[in-house]
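Pasting protein-v5.cif here (mmCIF, C-alpha atoms (C1' of nucleotides)):
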data_structure
loop_
_atom_site.label_atom_id
_atom_site.label_comp_id
_atom_site.auth_asym_id
_atom_site.auth_seq_id
_atom_site.Cartn_x
_atom_site.Cartn_y
_atom_site.Cartn_z
CA MET A 101 0.00 0.00 0.00
CA ALA A 102 2.52 2.58 1.13
CA ARG A 103 5.70 1.24 -0.38
CA GLN A 104 7.27 4.66 -0.83
CA GLN A 105 10.64 5.57 0.58
CA ASP A 106 10.25 6.53 4.17
CA PRO A 107 12.48 9.42 5.20
CA ALA A 108 13.02 7.78 8.59
CA GLY A 109 14.14 4.54 6.97
CA PRO A 110 12.79 1.03 6.74
CA ARG A 111 12.74 0.46 10.46
CA ALA A 112 10.33 3.29 11.14
CA ALA A 113 8.27 2.28 8.12
CA MET A 114 7.94 -1.25 9.45
CA ILE A 115 6.76 0.00 12.82
CA ARG A 116 4.24 2.29 11.17
CA SER A 117 2.89 -0.56 9.07
CA ALA A 118 2.78 -2.87 12.06
CA ILE A 119 0.64 -0.36 13.94
CA ARG A 120 -1.74 0.00 11.04
CA LEU A 121 -2.10 -3.74 10.50
CA ILE A 122 -2.44 -4.49 14.20
CA ARG A 123 -5.26 -1.98 14.42
CA GLN A 124 -7.04 -3.70 11.56
CA ARG A 125 -6.48 -7.35 12.38
CA GLY A 126 -5.18 -7.72 15.89
CA VAL A 127 -1.72 -8.75 17.01
CA ALA A 128 -1.98 -12.46 16.27
CA ALA A 129 -3.16 -12.03 12.70
CA VAL A 130 -0.26 -9.85 11.57
CA SER A 131 2.75 -11.56 10.06
CA PHE A 132 6.16 -10.31 9.12
CA ALA A 133 5.32 -10.86 5.49
CA ASP A 134 2.32 -8.54 5.86
CA VAL A 135 4.44 -5.87 7.45
CA LEU A 136 7.09 -6.16 4.76
CA ALA A 137 4.54 -5.96 1.96
CA ASP A 138 2.79 -3.00 3.53
CA SER A 139 5.90 -1.05 4.40
CA GLY A 140 7.92 -1.89 1.32
CA ALA A 141 10.86 -2.59 3.60
CA PRO A 142 13.55 -4.89 2.24
CA ARG A 143 12.98 -8.54 2.89
CA GLY A 144 16.31 -9.37 4.43
CA SER A 145 16.38 -6.68 7.06
CA ILE A 146 13.74 -7.90 9.47
CA TYR A 147 15.95 -9.69 11.91
CA HIS A 148 18.61 -7.08 11.50
CA HIS A 149 16.28 -4.40 12.82
CA PHE A 150 14.26 -6.65 15.12
CA PRO A 151 16.50 -9.43 16.43
CA GLY A 152 13.82 -10.21 19.00
CA GLY A 153 11.47 -11.24 16.20
CA LYS A 154 7.77 -10.60 16.20
CA SER A 155 7.60 -9.98 19.94
CA GLN A 156 10.00 -7.10 19.61
CA LEU A 157 8.22 -5.65 16.61
CA VAL A 158 4.85 -5.82 18.36
CA GLU A 159 6.29 -4.33 21.53
CA GLU A 160 7.91 -1.44 19.72
CA ALA A 161 4.85 -0.83 17.60
CA THR A 162 2.67 -0.72 20.71
CA ARG A 163 5.08 1.60 22.47
CA SER A 164 5.21 3.90 19.47
CA ALA A 165 1.44 3.94 19.09
CA ALA A 166 1.02 4.59 22.80
CA GLU A 167 3.39 7.57 22.69
CA GLN A 168 1.67 9.07 19.67
CA LEU A 169 -1.79 8.59 21.13
CA SER A 170 -0.86 9.89 24.56
CA ALA A 171 0.64 12.97 22.97
CA GLY A 172 -2.56 13.39 20.96
CA VAL A 173 -4.69 13.06 24.08
CA ALA A 174 -2.58 15.62 25.93
CA ARG A 175 -2.80 17.99 22.98
CA THR A 176 -6.55 17.57 22.63
CA LEU A 177 -7.08 18.23 26.33
CA ASP A 178 -5.66 21.70 25.77
CA ALA A 179 -9.20 22.94 25.29
CA PRO A 180 -11.03 25.61 27.31
CA ASP A 181 -13.34 23.13 29.03
CA ALA A 182 -13.36 19.41 29.76
CA PRO A 183 -16.58 18.55 27.88
CA GLY A 184 -15.25 20.27 24.76
CA ALA A 185 -11.95 18.48 25.12
CA LEU A 186 -13.81 15.22 25.36
CA ARG A 187 -15.67 15.95 22.16
CA ALA A 188 -12.43 16.73 20.38
CA LEU A 189 -10.91 13.53 21.72
CA ALA A 190 -13.80 11.43 20.50
CA GLY A 191 -13.63 13.24 17.17
CA LEU A 192 -10.16 11.77 16.66
CA TRP A 193 -11.50 8.26 17.26
CA ARG A 194 -14.52 8.98 15.08
CA ARG A 195 -12.50 10.11 12.09
CA GLY A 196 -10.20 7.11 12.39
CA LEU A 197 -13.23 4.82 12.43
CA GLU A 198 -14.82 6.32 9.36
CA ALA A 199 -11.56 6.61 7.44
CA GLY A 200 -10.86 2.93 8.03
CA ASP A 201 -14.39 1.76 7.14
CA TYR A 202 -14.99 0.75 10.78
CA ALA A 203 -12.32 -1.92 10.55
CA VAL A 204 -9.53 0.09 12.19
CA GLY A 205 -9.65 0.07 15.94
CA CYS A 206 -7.47 1.18 18.82
CA PRO A 207 -3.96 -0.30 18.83
CA ILE A 208 -3.87 -0.20 22.63
CA VAL A 209 -6.97 -2.35 22.86
CA ALA A 210 -5.42 -4.74 20.36
CA ALA A 211 -2.30 -4.90 22.51
CA ALA A 212 -4.34 -5.41 25.66
CA LEU A 213 -6.12 -8.40 24.12
CA GLY A 214 -3.09 -9.82 22.34
CA THR A 215 -0.80 -12.57 23.47
CA GLU A 216 2.38 -10.52 23.78
CA ARG A 217 2.93 -9.79 27.45
CA ALA A 218 5.18 -6.78 27.03
CA ALA A 219 2.66 -5.16 24.70
CA ARG A 220 -0.18 -5.85 27.11
CA ASP A 221 1.74 -4.22 29.96
CA ILE A 222 2.33 -1.16 27.82
CA ALA A 223 -1.41 -1.08 27.15
CA GLY A 224 -2.15 -1.14 30.86
CA ALA A 225 0.27 1.69 31.54
CA THR A 226 -1.11 3.69 28.63
CA PHE A 227 -4.69 3.48 29.88
CA GLY A 228 -3.37 4.70 33.22
CA THR A 229 -1.63 7.63 31.57
CA TRP A 230 -4.80 8.67 29.78
CA CYS A 231 -6.73 8.54 33.05
CA ASP A 232 -4.10 10.77 34.65
CA LEU A 233 -4.35 13.30 31.85
CA ILE A 234 -8.15 13.41 31.91
CA SER A 235 -8.30 13.47 35.67
CA ASP A 236 -5.87 16.38 35.82
CA LYS A 237 -7.96 18.27 33.30
CA LEU A 238 -11.13 17.75 35.35
CA VAL A 239 -9.38 18.89 38.50
CA ALA A 240 -8.03 21.94 36.69
CA ASP A 241 -11.62 22.72 35.71
CA GLY A 242 -12.70 22.56 39.31
CA ALA A 243 -13.68 18.96 39.95
CA ASP A 244 -13.03 17.16 43.21
CA PRO A 245 -9.87 15.03 42.78
CA GLY A 246 -11.53 11.82 43.91
CA ARG A 247 -14.52 12.28 41.62
CA ALA A 248 -12.21 13.33 38.80
CA ARG A 249 -10.20 10.14 39.07
CA SER A 250 -13.14 7.76 38.89
CA THR A 251 -14.77 9.85 36.18
CA ALA A 252 -11.59 9.61 34.13
CA VAL A 253 -11.58 5.82 34.44
CA LEU A 254 -15.16 5.79 33.24
CA VAL A 255 -14.34 8.09 30.33
CA VAL A 256 -11.45 5.97 29.09
CA SER A 257 -13.40 2.74 29.52
CA ALA A 258 -16.50 4.08 27.83
CA LEU A 259 -14.63 5.57 24.88
CA GLU A 260 -12.73 2.37 24.23
CA GLY A 261 -15.84 0.27 24.67
CA ALA A 262 -17.80 2.53 22.36
CA LEU A 263 -15.09 2.14 19.76
CA VAL A 264 -15.47 -1.64 19.83
CA PHE A 265 -19.25 -1.23 19.83
CA ALA A 266 -19.02 1.03 16.77
CA GLN A 267 -16.72 -1.38 14.97
CA ALA A 268 -19.11 -4.25 15.53
CA GLN A 269 -22.07 -2.28 14.21
CA ARG A 270 -20.11 -0.49 11.51
CA SER A 271 -21.57 2.80 12.65
CA SER A 272 -20.24 5.68 14.69
CA ALA A 273 -23.62 6.13 16.37
CA PRO A 274 -22.64 4.37 19.62
CA LEU A 275 -19.56 6.57 19.89
CA ASP A 276 -21.64 9.72 19.41
CA VAL A 277 -24.14 8.65 22.03
CA VAL A 278 -21.41 7.85 24.53
CA VAL A 279 -19.67 11.17 23.93
CA ASP A 280 -22.89 13.05 24.65
CA GLU A 281 -23.39 11.11 27.86
CA LEU A 282 -19.80 11.60 28.97
CA SER A 283 -19.88 15.30 28.20
CA ALA A 284 -22.93 15.74 30.39
CA LEU A 285 -21.28 13.74 33.12
CA CYS A 286 -18.12 15.83 32.96
CA ARG A 287 -20.17 18.99 33.20
CA SER A 288 -21.93 17.72 36.30
CA VAL A 289 -18.65 16.72 37.92
CA ILE A 290 -17.24 20.17 37.31
CA ASP A 291 -20.40 22.05 38.29
CA VAL A 292 -20.56 20.41 41.68
CA ALA A 293 -17.33 22.11 42.65
CA PRO A 294 -16.69 25.11 40.38
CA ARG A 295 -13.28 26.73 40.53
CA GLY A 296 -12.75 28.84 43.60
CA MET B 75 -7.76 -29.62 29.77
CA ALA B 76 -11.35 -30.83 29.65
CA ARG B 77 -11.07 -33.97 27.54
CA GLN B 78 -13.92 -35.74 29.30
CA GLN B 79 -16.89 -37.15 27.48
CA ASP B 80 -19.36 -34.40 26.80
CA PRO B 81 -22.97 -35.53 27.15
CA ALA B 82 -23.94 -33.28 24.25
CA GLY B 83 -21.32 -34.86 22.01
CA PRO B 84 -18.11 -33.72 20.38
CA ARG B 85 -19.74 -30.96 18.39
CA ALA B 86 -20.98 -29.12 21.45
CA ALA B 87 -17.67 -29.75 23.17
CA MET B 88 -15.79 -28.20 20.27
CA ILE B 89 -17.97 -25.10 20.37
CA ARG B 90 -17.49 -24.79 24.10
CA SER B 91 -13.75 -25.06 23.74
CA ALA B 92 -13.72 -22.59 20.87
CA ILE B 93 -15.50 -20.04 23.03
CA ARG B 94 -13.05 -20.49 25.87
CA LEU B 95 -10.01 -20.25 23.63
CA ILE B 96 -11.35 -17.28 21.68
CA ARG B 97 -11.92 -15.44 24.93
CA GLN B 98 -8.32 -16.07 25.93
CA ARG B 99 -6.48 -15.48 22.68
CA GLY B 100 -8.74 -13.86 20.15
CA VAL B 101 -10.26 -15.35 17.03
CA ALA B 102 -7.14 -15.32 14.87
CA ALA B 103 -4.92 -17.10 17.38
CA VAL B 104 -7.18 -20.11 17.82
CA SER B 105 -6.54 -23.12 15.57
CA PHE B 106 -8.47 -26.28 14.97
CA ALA B 107 -5.70 -28.23 16.64
CA ASP B 108 -6.14 -26.13 19.77
CA VAL B 109 -9.87 -26.74 19.81
CA LEU B 110 -9.41 -30.45 19.30
CA ALA B 111 -6.82 -30.72 22.07
CA ASP B 112 -8.95 -28.70 24.47
CA SER B 113 -12.22 -30.44 23.76
CA GLY B 114 -10.87 -33.94 23.35
CA ALA B 115 -12.95 -34.27 20.21
CA PRO B 116 -11.83 -36.81 17.65
CA ARG B 117 -9.41 -35.52 15.05
CA GLY B 118 -11.24 -36.68 11.98
CA SER B 119 -14.58 -35.16 12.74
CA ILE B 120 -13.86 -31.48 12.29
CA TYR B 121 -14.96 -31.09 8.72
CA HIS B 122 -17.80 -33.49 9.30
CA HIS B 123 -19.29 -31.23 11.94
CA PHE B 124 -18.08 -27.96 10.47
CA PRO B 125 -17.90 -28.26 6.68
CA GLY B 126 -17.51 -24.51 6.50
CA GLY B 127 -14.18 -24.78 8.30
CA LYS B 128 -12.92 -22.28 10.81
CA SER B 129 -15.33 -19.57 9.71
CA GLN B 130 -18.26 -21.77 10.57
CA LEU B 131 -16.81 -22.83 13.90
CA VAL B 132 -16.09 -19.23 14.88
CA GLU B 133 -19.52 -18.12 13.77
CA GLU B 134 -21.31 -20.84 15.72
CA ALA B 135 -19.14 -20.29 18.77
CA THR B 136 -19.91 -16.58 18.69
CA ARG B 137 -23.62 -17.22 18.26
CA SER B 138 -23.62 -19.71 21.12
CA ALA B 139 -21.69 -17.36 23.40
CA ALA B 140 -23.99 -14.49 22.49
CA GLU B 141 -27.08 -16.52 23.35
CA GLN B 142 -25.67 -17.63 26.68
CA LEU B 143 -24.54 -14.14 27.62
CA SER B 144 -27.76 -12.47 26.55
CA ALA B 145 -29.72 -14.95 28.61
CA GLY B 146 -27.42 -14.22 31.53
CA VAL B 147 -27.92 -10.49 31.13
CA ALA B 148 -31.69 -10.88 30.98
CA ARG B 149 -31.61 -13.07 34.09
CA THR B 150 -29.39 -10.69 36.00
CA LEU B 151 -31.63 -7.76 35.16
CA ASP B 152 -34.39 -9.48 37.10
CA ALA B 153 -33.32 -7.51 40.15
CA PRO B 154 -35.44 -5.08 42.17
CA ASP B 155 -33.61 -1.98 40.94
CA ALA B 156 -31.43 -1.06 37.97
CA PRO B 157 -28.29 -0.10 39.94
CA GLY B 158 -28.39 -3.41 41.79
CA ALA B 159 -28.88 -5.27 38.54
CA LEU B 160 -25.88 -3.48 37.14
CA ARG B 161 -23.77 -4.54 40.08
CA ALA B 162 -24.83 -8.14 39.62
CA LEU B 163 -24.06 -7.90 35.92
CA ALA B 164 -20.58 -6.56 36.54
CA GLY B 165 -20.08 -9.21 39.18
CA LEU B 166 -20.40 -11.84 36.46
CA TRP B 167 -17.64 -10.14 34.43
CA ARG B 168 -15.55 -9.67 37.54
CA ARG B 169 -15.64 -13.31 38.55
CA GLY B 170 -14.78 -14.37 35.02
CA LEU B 171 -11.82 -12.02 35.02
CA GLU B 172 -10.43 -13.25 38.30
CA ALA B 173 -11.09 -16.90 37.55
CA GLY B 174 -9.18 -16.58 34.29
CA ASP B 175 -6.25 -14.67 35.78
CA TYR B 176 -7.27 -11.56 33.80
CA ALA B 177 -6.54 -13.30 30.52
CA VAL B 178 -10.13 -14.29 29.72
CA GLY B 179 -12.12 -11.50 28.12
CA CYS B 180 -15.48 -11.10 26.47
CA PRO B 181 -16.10 -13.37 23.48
CA ILE B 182 -18.30 -10.73 21.86
CA VAL B 183 -15.49 -8.20 21.93
CA ALA B 184 -13.18 -10.82 20.45
CA ALA B 185 -15.69 -11.42 17.68
CA ALA B 186 -16.12 -7.70 17.07
CA LEU B 187 -12.37 -7.28 16.60
CA GLY B 188 -11.81 -10.50 14.70
CA THR B 189 -11.58 -10.99 10.98
CA GLU B 190 -14.65 -13.18 10.54
CA ARG B 191 -17.44 -11.03 9.17
CA ALA B 192 -20.35 -13.20 10.25
CA ALA B 193 -19.03 -13.27 13.80
CA ARG B 194 -18.56 -9.52 13.83
CA ASP B 195 -22.15 -8.98 12.70
CA ILE B 196 -23.37 -11.23 15.48
CA ALA B 197 -21.32 -9.13 17.89
CA GLY B 198 -22.99 -5.96 16.65
CA ALA B 199 -26.45 -7.44 17.04
CA THR B 200 -25.59 -8.75 20.50
CA PHE B 201 -24.48 -5.37 21.78
CA GLY B 202 -27.77 -4.03 20.47
CA THR B 203 -29.70 -6.71 22.32
CA TRP B 204 -27.97 -5.89 25.59
CA CYS B 205 -28.78 -2.22 25.13
CA ASP B 206 -32.42 -3.12 24.58
CA LEU B 207 -32.52 -5.21 27.74
CA ILE B 208 -30.86 -2.55 29.89
CA SER B 209 -32.91 0.23 28.38
CA ASP B 210 -36.13 -1.64 29.07
CA LYS B 211 -35.09 -2.18 32.66
CA LEU B 212 -34.37 1.52 33.12
CA VAL B 213 -37.72 2.45 31.61
CA ALA B 214 -39.47 -0.07 33.83
CA ASP B 215 -37.79 1.62 36.78
CA GLY B 216 -39.17 4.96 35.69
CA ALA B 217 -36.58 6.47 33.41
CA ASP B 218 -37.41 8.53 30.35
CA PRO B 219 -37.18 6.24 27.29
CA GLY B 220 -34.76 8.51 25.42
CA ARG B 221 -32.47 8.90 28.40
CA ALA B 222 -32.71 5.19 29.09
CA ARG B 223 -31.58 4.32 25.59
CA SER B 224 -28.46 6.46 25.59
CA THR B 225 -27.67 5.45 29.15
CA ALA B 226 -27.85 1.81 28.12
CA VAL B 227 -25.40 2.42 25.27
CA LEU B 228 -23.05 4.04 27.75
CA VAL B 229 -23.42 1.18 30.20
CA VAL B 230 -22.62 -1.49 27.63
CA SER B 231 -19.70 0.49 26.21
CA ALA B 232 -18.26 1.30 29.62
CA LEU B 233 -18.54 -2.25 30.93
CA GLU B 234 -16.84 -3.71 27.86
CA GLY B 235 -14.19 -1.04 27.90
CA ALA B 236 -13.58 -1.54 31.59
CA LEU B 237 -13.13 -5.23 30.96
CA VAL B 238 -10.37 -4.53 28.44
CA PHE B 239 -8.90 -1.96 30.82
CA ALA B 240 -8.89 -4.52 33.62
CA GLN B 241 -7.30 -7.16 31.42
CA ALA B 242 -4.51 -4.79 30.46
CA GLN B 243 -3.78 -3.88 34.06
CA ARG B 244 -4.45 -7.36 35.43
CA SER B 245 -6.68 -5.86 38.06
CA SER B 246 -10.41 -5.62 38.51
CA ALA B 247 -10.08 -2.13 39.98
CA PRO B 248 -11.09 -0.32 36.75
CA LEU B 249 -14.20 -2.47 36.52
CA ASP B 250 -15.15 -1.71 40.12
CA VAL B 251 -14.70 2.01 39.58
CA VAL B 252 -16.79 1.96 36.43
CA VAL B 253 -19.57 0.00 38.09
CA ASP B 254 -19.78 2.54 40.90
CA GLU B 255 -19.97 5.38 38.40
CA LEU B 256 -22.58 3.64 36.29
CA SER B 257 -24.69 2.76 39.30
CA ALA B 258 -24.78 6.39 40.36
CA LEU B 259 -25.66 7.40 36.83
CA CYS B 260 -28.51 4.88 36.65
CA ARG B 261 -29.86 6.16 39.94
CA SER B 262 -29.86 9.72 38.65
CA VAL B 263 -31.58 8.70 35.43
CA ILE B 264 -34.29 6.95 37.40
CA ASP B 265 -34.64 9.64 40.06
CA VAL B 266 -35.30 12.34 37.49
CA ALA B 267 -38.52 10.62 36.52
CA PRO B 268 -39.66 8.27 39.30
CA ARG B 269 -42.43 5.85 38.56
CA GLY B 270 -45.83 7.45 38.51
"C1'" DG C 172 22.23 -3.49 5.50
"C1'" DT C 173 20.30 -6.16 2.35
"C1'" DC C 174 19.96 -10.22 -0.43
"C1'" DT C 175 18.60 -15.37 -1.49
"C1'" DA C 176 17.79 -19.65 0.15
"C1'" DT C 177 16.10 -22.64 3.26
"C1'" DA C 178 14.97 -25.10 7.61
"C1'" DC C 179 11.19 -26.17 10.37
"C1'" DG C 180 6.78 -26.22 12.12
"C1'" DA C 181 1.89 -25.20 12.12
"C1'" DA C 182 -1.99 -23.79 9.78
"C1'" DG C 183 -6.36 -24.90 6.92
"C1'" DA C 184 -8.29 -28.16 4.06
"C1'" DT C 185 -9.17 -32.61 1.40
"C1'" DA C 186 -9.10 -37.70 0.17
"C1'" DG C 187 -10.05 -42.10 1.00
"C1'" DA C 188 -9.97 -46.16 4.20
"C1'" DC C 189 -12.56 -48.11 8.03
"C1'" DG D 296 -18.49 -40.64 12.38
"C1'" DT D 297 -14.00 -41.22 12.85
"C1'" DC D 298 -9.50 -42.48 11.29
"C1'" DT D 299 -4.81 -41.67 8.89
"C1'" DA D 300 -2.43 -39.55 5.40
"C1'" DT D 301 -1.44 -35.90 2.61
"C1'" DC D 302 -1.49 -31.37 0.03
"C1'" DT D 303 -0.63 -26.68 0.13
"C1'" DT D 304 0.16 -22.56 2.09
"C1'" DC D 305 1.97 -19.74 5.35
"C1'" DG D 306 4.42 -18.59 9.58
"C1'" DT D 307 8.85 -17.67 12.22
"C1'" DA D 308 13.50 -17.93 12.15
"C1'" DT D 309 18.37 -18.79 10.54
"C1'" DA D 310 22.51 -19.18 7.42
"C1'" DG D 311 25.51 -17.37 4.50
"C1'" DA D 312 26.55 -14.60 0.24
"C1'" DC D 313 27.02 -9.83 -1.38
#
Starting from the coordinates I provided, produce the structure as structure tokens.
Amino acid sequence: MARQQDPAGPRAAMIRSAIRLIRQRGVAAVSFADVLADSGAPRGSIYHHFPGGKSQLVEEATRSAAEQLSAGVARTLDAPDAPGALRALAGLWRRGLEAGDYAVGCPIVAAALGTERAARDIAGATFGTWCDLISDKLVADGADPGRARSTAVLVVSALEGALVFAQAQRSSAPLDVVVDELSALCRSVIDVAPRG
Amino acid sequence: MARQQDPAGPRAAMIRSAIRLIRQRGVAAVSFADVLADSGAPRGSIYHHFPGGKSQLVEEATRSAAEQLSAGVARTLDAPDAPGALRALAGLWRRGLEAGDYAVGCPIVAAALGTERAARDIAGATFGTWCDLISDKLVADGADPGRARSTAVLVVSALEGALVFAQAQRSSAPLDVVVDELSALCRSVIDVAPRG
DNA sequence: GTCTATACGAAGATAGAC
DNA sequence: GTCTATCTTCGTATAGAC
């Protein structure tokens, strides 16, 4: 698909392709051959770049995806209010869904459900990071820290669950509904204890 | 593991094993050999019972799991109040998580993220069924039908997402937090429009 | 760093005997 | 209904030349 020269070299291209394919098919269903074909990387360089084999590739792909997504979450949370930030966050998911014909999911979920332990641990840490970011935002907007924490866990869980829901039904409707509900919830959490 | 004579015969045993293995590893990572070893079914009878091959086995396993789970959801919702029903529902997930050392997830999620189209469609319909059941319960408890519907979508999404979250972190804490949040939300949805 | 070639096993699927 | 045997394809991984 891509097969063009990647400025960052074949290694980065392979990781990028691995992320894309893992999102589409899950960790177990992605082979080296798939990654090579998709990235256009040279056949003989797999074990040069990834001596640890598939485990290493999956781990690095998950780590890379987690860093990108966490940076995106942090950036999106730079909005005036938490409900708006949430909408923007869900908009990212939504566009990804529609662009990938509802077959492209979250790479962190794929890692969490995969069989590679290192990748699963990264997934667990990444969910935690997202909760921290969202919780901090809610607190900054005036929410009680305890309420903010549990609300953040709900937000992350519900968004990820809605993504799976939307994939199964090939429709972004569940995601939209969940975002509306979560926005209202965030507002109520903030309103209870407004800043000051 | 099981390998004992199944009263319902090898076919049912194979489906049961397929469900268990799919929950642990995902659709793509389960092979016929795995199912045979786990179920103790005779080697030569695979294509006799499942002429459609792996697709058929996965589809039937997903359908069977969906029926069992939907029946379980309906049964659990036979509780006096919606928040209590929700707690009971999450308790089912929770016990499954802990019994399977946080490696056994939801078969419907696995189907939704798998590569078998028929199974994914069943997953979509199953999520819809659960939403119907929960929505009906909320309405029966006095909630506004519109609010009940969107709340049900949130509940299903959040529970499934929390399950993935909990698997990634190997802890049921995220699930517990989400259940508390959802219970409070259900109460508020019911309280707004009490029966009468 | 990249190539070809290949070892080795496991996967899905089929054929034909019993 | 169940067996063994086999075909074919695909997967990971390695060896050794360039």
9 Å contact set for Ser250 (chain A), all atoms listed in the file, chain neighbours under 5 positions out, as a PyMOL selection string:
(chain A and resi 231+235+245+255) or (chain B and resi 248+251-252+254-255)
Output the contact residues of chain B with respect to chain A at a cut-off of 7 Å, based on all atoms listed in the file, as a PyMOL selection string.
chain B and resi 99+102-103+183+186+188-189+194-195+197-198+201+224+227-228+231-232+234-236+238-239+241-243+248+251-252
Could you tell me, as a list in words, exactly which residues end up selected when the PyMOL selection byres ((chain D and resi 311) around 10) is applied to this structure?
DT175 and DA176 of chain C; DT309, DA310, DA312 and DC313 of chain D
Translate the PyMOL selection byres ((chain A) within 9 of (chain C)) into a concrete residue list for this structure, as number ranges by chain.
A: 142-145, 148
Grab the CA of Ser164 (chain A) to CA of Asp178 (chain A) distance for me, in Å with one decimal place.
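For CA of Ser164 (chain A) relative to CA of Asp178 (chain A), the distance reads 21.8 Å.
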Length of the CA of Gln130 (chain B) to CA of Ser131 (chain A) vector [Å]:
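Taking CA of Gln130 (chain B) and CA of Ser131 (chain A), their separation equals 23.4 Å.
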Any idea which chain D residues end up within 8 Å of chain B if we count only C-alpha atoms (C1' of nucleotides), as a PyMOL selection string please?
chain D and resi 296-298
Care to translate the PyMOL selection byres ((chain A and resi 183-185) around 9) into actual residues of this file, as a PyMOL selection string?
chain A and resi 176-182+186-190+279-280+282-287
Dump as a list in words all residues having an atom at most 9 Å from (-17.1, -24.8, 14.3), computed in the file's coordinates with only C-alpha atoms (C1' of nucleotides).
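The residues that fall inside the cut-off are Arg85, Met88, Ile89, Ala92, Phe106, Ile120, Tyr121, His123, Phe124, Pro125, Gly126, Gly127, Lys128, Ser129, Gln130, Leu131, Val132, Glu133, Glu134 and Ala135 of chain B.
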Atomic distance CA of Val292 (chain A) - CA of Ile234 (chain A), expressed in Å with one decimal
17.3 Å
Within 9 Å of Arg90 (chain B) using all atoms listed in the file, minus same-chain residues under 3 positions, as a ChimeraX atom specification:
/B:85-87,93-95,109,113,135,138-139
Using only C-alpha atoms (C1' of nucleotides), collect all residues at a distance of at most 8 Å from (6.4, -16.6, 9.9) as written in the file, then present them as a list of chain:residue names.
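Protein and nucleic acid residues near the point are A:Ser131, A:Phe132, A:Ala133, D:DC305, D:DG306, D:DT307, D:DA308.
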Is there a way to complete region 115-126 of chain A with N, CA, C and O atoms and then write that out as a CSV table (one decimal), keeping the file's coordinate frame?
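Output (selection07.csv):
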chain,number,residue,atom,x,y,z
A,115,ILE,N,7.5,-0.2,11.6
A,115,ILE,CA,6.8,0.0,12.8
A,115,ILE,C,5.4,0.7,12.5
A,115,ILE,O,4.4,0.3,13.0
A,116,ARG,N,5.5,1.6,11.6
A,116,ARG,CA,4.2,2.3,11.2
A,116,ARG,C,3.3,1.3,10.6
A,116,ARG,O,2.1,1.3,10.9
A,117,SER,N,3.8,0.4,9.7
A,117,SER,CA,2.9,-0.6,9.1
A,117,SER,C,2.4,-1.5,10.1
A,117,SER,O,1.2,-1.9,10.0
A,118,ALA,N,3.2,-1.9,11.0
A,118,ALA,CA,2.8,-2.9,12.1
A,118,ALA,C,1.6,-2.3,12.8
A,118,ALA,O,0.6,-3.0,13.1
A,119,ILE,N,1.7,-1.0,13.2
A,119,ILE,CA,0.6,-0.4,13.9
A,119,ILE,C,-0.6,-0.4,13.1
A,119,ILE,O,-1.7,-0.8,13.6
A,120,ARG,N,-0.5,0.0,11.9
A,120,ARG,CA,-1.7,0.0,11.0
A,120,ARG,C,-2.4,-1.4,10.9
A,120,ARG,O,-3.6,-1.6,11.1
A,121,LEU,N,-1.6,-2.4,10.7
A,121,LEU,CA,-2.1,-3.7,10.5
A,121,LEU,C,-2.6,-4.3,11.8
A,121,LEU,O,-3.7,-5.0,11.8
A,122,ILE,N,-2.0,-4.0,12.9
A,122,ILE,CA,-2.4,-4.5,14.2
A,122,ILE,C,-3.8,-3.9,14.5
A,122,ILE,O,-4.7,-4.5,15.1
A,123,ARG,N,-4.0,-2.6,14.2
A,123,ARG,CA,-5.3,-2.0,14.4
A,123,ARG,C,-6.4,-2.6,13.6
A,123,ARG,O,-7.5,-2.7,14.1
A,124,GLN,N,-6.0,-3.1,12.4
A,124,GLN,CA,-7.0,-3.7,11.6
A,124,GLN,C,-7.4,-5.1,11.9
A,124,GLN,O,-8.5,-5.6,11.9
A,125,ARG,N,-6.3,-5.9,12.3
A,125,ARG,CA,-6.5,-7.4,12.4
A,125,ARG,C,-6.2,-7.9,13.8
A,125,ARG,O,-6.5,-9.1,14.0
A,126,GLY,N,-5.6,-7.2,14.6
A,126,GLY,CA,-5.2,-7.7,15.9
A,126,GLY,C,-3.8,-8.3,15.8
A,126,GLY,O,-3.3,-8.5,14.7
